[in-house]
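Reading through the structure tokens given below for one structure.
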Amino acid sequence: MKKLFFTILIEIICTLFTTYAGNVSVYVTGVTSDGVDDQVCYWKNGILCQFPSFLSTQDEYSFQDMAVEDGNIYSCFKNVCNYRTYCIYKNGELLYQFKPKHAEYASYISDMEVMYGNIYVGLNEYSGSFEIYSLVKNGNYNGKTNGGKNIEVNNGKLYYTKTSGIKVIGYCAGGNTYEYPSNQEISVRKMRVRDNSVVLLGTNYEKTIPCTQYDHSTWLMTDFVGYTACLDMTCDTQRQTYYLMEKNNRVREIVDGVSRENILSGTWYNPIAMEDKNGMLYILASGINGSLTEYYVLMYNMDTKQLYSALLPQCTRASKLIVVEE
């Protein structure tokens, strides 16, 4: 009976993604559990997919990030038993390895993207007295601290934030570098690129006010009342903008850029991440069902304002949302 229930549930989930996502594939990274052990995994259009067993159990390997290109799954894991070596895999096959050069205490991958088969990761290293970011391409790391906290790929160009220590001081776009004045006290949270237009999202250190910057122009303080941080936004220039906002109590909302209304108002969903593609807004969210925390992919039509939801089966924790055309 239990097997029949899951079979029916999977069929319903597949129908939801096929109906509303169209030619778009939706990936979510996260963790599932058999009640004893946790296993890192990912979902494609609501279907649970496993990494090779030697990676998924996380006994020796710690999951860092994932990217998708042309249906290929690129993943980065840290080998915690081998001097914190980072391993990059394509469809479960090892491609590259590299080690931090500055970190004495800790390091992690801040972002990951793939362009034409080239794999870019942002490496954060912490050494007690300083913290830095470095962009690593195809596992080649020479210790140069040039940025890479945030990475985006758009129209065949690579974009990444340029840093000084942990502070973002500008960005690189297709080989060109743009910097803003050093007295800008902004904590950059996210970078978005659409049609070669770059948007940085951040928070003013002093006033704790969300702010945005468009194409290396002046930082603009947003007029969102009651919010302390802007974590993400859509960049669909043909439609109005939606923001992933956070309040003091860590409550998150998806806010309509025109009406300033929370589009998830009246629902039980707490948004984690969002992506936009072809007029649809995809939202990774959690929700409390009794004593259980469940995870969902919400699909919001920007034109009709209709919201659809699909449960991620057997998901005990979700982290990253990836939406690609396939």
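Ligands are numbered from 1 in the order shown, chains are lettered A, B, ... in the order of the structure tokens, and residues start at 1 in each chain.
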Asp256 of chain A: which residues within 12 Å, counting only C-alpha atoms, same-chain residues fewer than 2 positions away excluded, as a ChimeraX atom specification? /A:224,233-234,239-245,253-254,258-265,281,300,302,305
Close residues, Val193 of chain A itself excluded, 7 Å, only C-alpha atoms, min 6 positions apart in chain, as a PyMOL selection string: chain A and resi 152+154+199
Shell around segment 129-136 of chain A at 12 Å using only C-alpha atoms, local window under 5 positions removed, as a PyMOL selection string: chain A and resi 76+86+88+96-114+118-124+141-151+158-168+172
Can you pull out every residue from segment 9-255 of chain A that DSSP, working from the backbone, puts in alpha helix (DSSP H), and format the result as a list in words?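 Filtering segment 9-255 of chain A down to alpha helix (DSSP H) leaves Leu9, Ile10, Glu11, Ile12, Ile13, Cys14, Thr15, Leu16, Phe17, Thr18, Thr19, Tyr20, Ala21, Ser53, Phe54, Leu55 and Ser56 of chain A.
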Would you put the residues from that selection into a file with N, CA and C atoms, as a PDB file, in the first residue's frame?
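This is the output file out.pdb:
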ATOM      1  N   LEU A   9       1.865   9.384  -5.881  1.00  0.00           N
ATOM      2  CA  LEU A   9       2.389  10.707  -5.559  1.00  0.00           C
ATOM      3  C   LEU A   9       3.388  11.173  -6.605  1.00  0.00           C
ATOM      4  N   ILE A  10       4.295  10.296  -7.012  1.00  0.00           N
ATOM      5  CA  ILE A  10       5.295  10.644  -8.024  1.00  0.00           C
ATOM      6  C   ILE A  10       4.619  10.998  -9.348  1.00  0.00           C
ATOM      7  N   GLU A  11       3.591  10.256  -9.725  1.00  0.00           N
ATOM      8  CA  GLU A  11       2.871  10.548 -10.962  1.00  0.00           C
ATOM      9  C   GLU A  11       2.232  11.928 -10.917  1.00  0.00           C
ATOM     10  N   ILE A  12       1.663  12.276  -9.757  1.00  0.00           N
ATOM     11  CA  ILE A  12       1.044  13.594  -9.599  1.00  0.00           C
ATOM     12  C   ILE A  12       2.098  14.697  -9.700  1.00  0.00           C
ATOM     13  N   ILE A  13       3.241  14.498  -9.048  1.00  0.00           N
ATOM     14  CA  ILE A  13       4.318  15.487  -9.072  1.00  0.00           C
ATOM     15  C   ILE A  13       4.844  15.672 -10.495  1.00  0.00           C
ATOM     16  N   CYS A  14       5.063  14.579 -11.203  1.00  0.00           N
ATOM     17  CA  CYS A  14       5.535  14.656 -12.592  1.00  0.00           C
ATOM     18  C   CYS A  14       4.553  15.438 -13.462  1.00  0.00           C
ATOM     19  N   THR A  15       3.259  15.189 -13.252  1.00  0.00           N
ATOM     20  CA  THR A  15       2.234  15.896 -14.021  1.00  0.00           C
ATOM     21  C   THR A  15       2.279  17.395 -13.737  1.00  0.00           C
ATOM     22  N   LEU A  16       2.487  17.776 -12.472  1.00  0.00           N
ATOM     23  CA  LEU A  16       2.560  19.193 -12.106  1.00  0.00           C
ATOM     24  C   LEU A  16       3.715  19.883 -12.817  1.00  0.00           C
ATOM     25  N   PHE A  17       4.898  19.287 -12.790  1.00  0.00           N
ATOM     26  CA  PHE A  17       6.049  19.897 -13.434  1.00  0.00           C
ATOM     27  C   PHE A  17       5.884  19.933 -14.951  1.00  0.00           C
ATOM     28  N   THR A  18       5.368  18.862 -15.533  1.00  0.00           N
ATOM     29  CA  THR A  18       5.165  18.816 -16.980  1.00  0.00           C
ATOM     30  C   THR A  18       4.164  19.873 -17.426  1.00  0.00           C
ATOM     31  N   THR A  19       3.108  20.052 -16.642  1.00  0.00           N
ATOM     32  CA  THR A  19       2.043  20.981 -17.000  1.00  0.00           C
ATOM     33  C   THR A  19       2.486  22.431 -16.879  1.00  0.00           C
ATOM     34  N   TYR A  20       3.179  22.774 -15.785  1.00  0.00           N
ATOM     35  CA  TYR A  20       3.448  24.179 -15.494  1.00  0.00           C
ATOM     36  C   TYR A  20       4.880  24.619 -15.783  1.00  0.00           C
ATOM     37  N   ALA A  21       5.829  23.686 -15.803  1.00  0.00           N
ATOM     38  CA  ALA A  21       7.218  24.064 -16.060  1.00  0.00           C
ATOM     39  C   ALA A  21       7.564  23.996 -17.548  1.00  0.00           C
ATOM     40  N   SER A  53      27.025   6.353  -4.108  1.00  0.00           N
ATOM     41  CA  SER A  53      26.902   6.067  -2.677  1.00  0.00           C
ATOM     42  C   SER A  53      28.106   6.539  -1.874  1.00  0.00           C
ATOM     43  N   PHE A  54      29.309   6.496  -2.462  1.00  0.00           N
ATOM     44  CA  PHE A  54      30.488   6.904  -1.690  1.00  0.00           C
ATOM     45  C   PHE A  54      30.486   8.407  -1.425  1.00  0.00           C
ATOM     46  N   LEU A  55      29.675   9.158  -2.193  1.00  0.00           N
ATOM     47  CA  LEU A  55      29.542  10.594  -1.960  1.00  0.00           C
ATOM     48  C   LEU A  55      28.327  10.931  -1.096  1.00  0.00           C
ATOM     49  N   SER A  56      27.231  10.233  -1.347  1.00  0.00           N
ATOM     50  CA  SER A  56      25.955  10.625  -0.745  1.00  0.00           C
ATOM     51  C   SER A  56      25.900  10.427   0.765  1.00  0.00           C
TER      52      SER A  56
END
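Among A:Ser319, A:Asn138, A:Asn204, A:Thr228, the residue with the shortest atom-to-atom distance to Met66 of chain A, counting only C-alpha atoms, is A:Ser319.
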Name all residues at most 12 Å from Val31 of chain A (count only C-alpha atoms; drop same-chain ones fewer than 2 positions away) and give them as a PyMOL selection string. chain A and resi 28-29+33-35+37-43+48-51+56-58+62-63+294-295+312-320
Atom CA of Ile288 of chain A to atom CA of Arg252 of chain A: how many Å, to one decimal? 14.6 Å
Which residue, A:Val324, A:Ser127, A:Val24, A:Gly266, has the smallest gap to Val153 of chain A when you use only C-alpha atoms? A:Val324
Which residues are close to Glu325 of chain A, i.e. within 12 Å by only C-alpha atoms, leaving aside same-chain residues fewer than 2 positions away? Reply as a ChimeraX atom specification. /A:21-27,68-71,276-278,322-323
Between A:Cys211, A:Leu321, A:Met191, A:Leu311, which one has atoms that come closest to Asp65 of chain A, using only C-alpha atoms?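 Closest to Asp65 of chain A of all the choices is A:Leu321.
Atom pair atom CA of Thr293 of chain A / atom CA of Met280 of chain A has a distance of 25.1 Å (rounded to one decimal).
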Could you tell me which of A:Glu246, A:Glu275, A:Glu326, A:Glu60 comes closest to Asn72 of chain A if we count only C-alpha atoms?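 For Asn72 of chain A, the nearest of the candidates is A:Glu326.
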Per DSSP on the backbone, filter segment 32-205 of chain A down to the residues in strand (DSSP E) and report them as an NGL selection string. :A and (32-33 or 38-44 or 47-50 or 61-69 or 72-79 or 85-90 or 93-98 or 106-115 or 118-126 or 131-137 or 151-154 or 157-164 or 167-173 or 176-179 or 186-194 or 197-204)
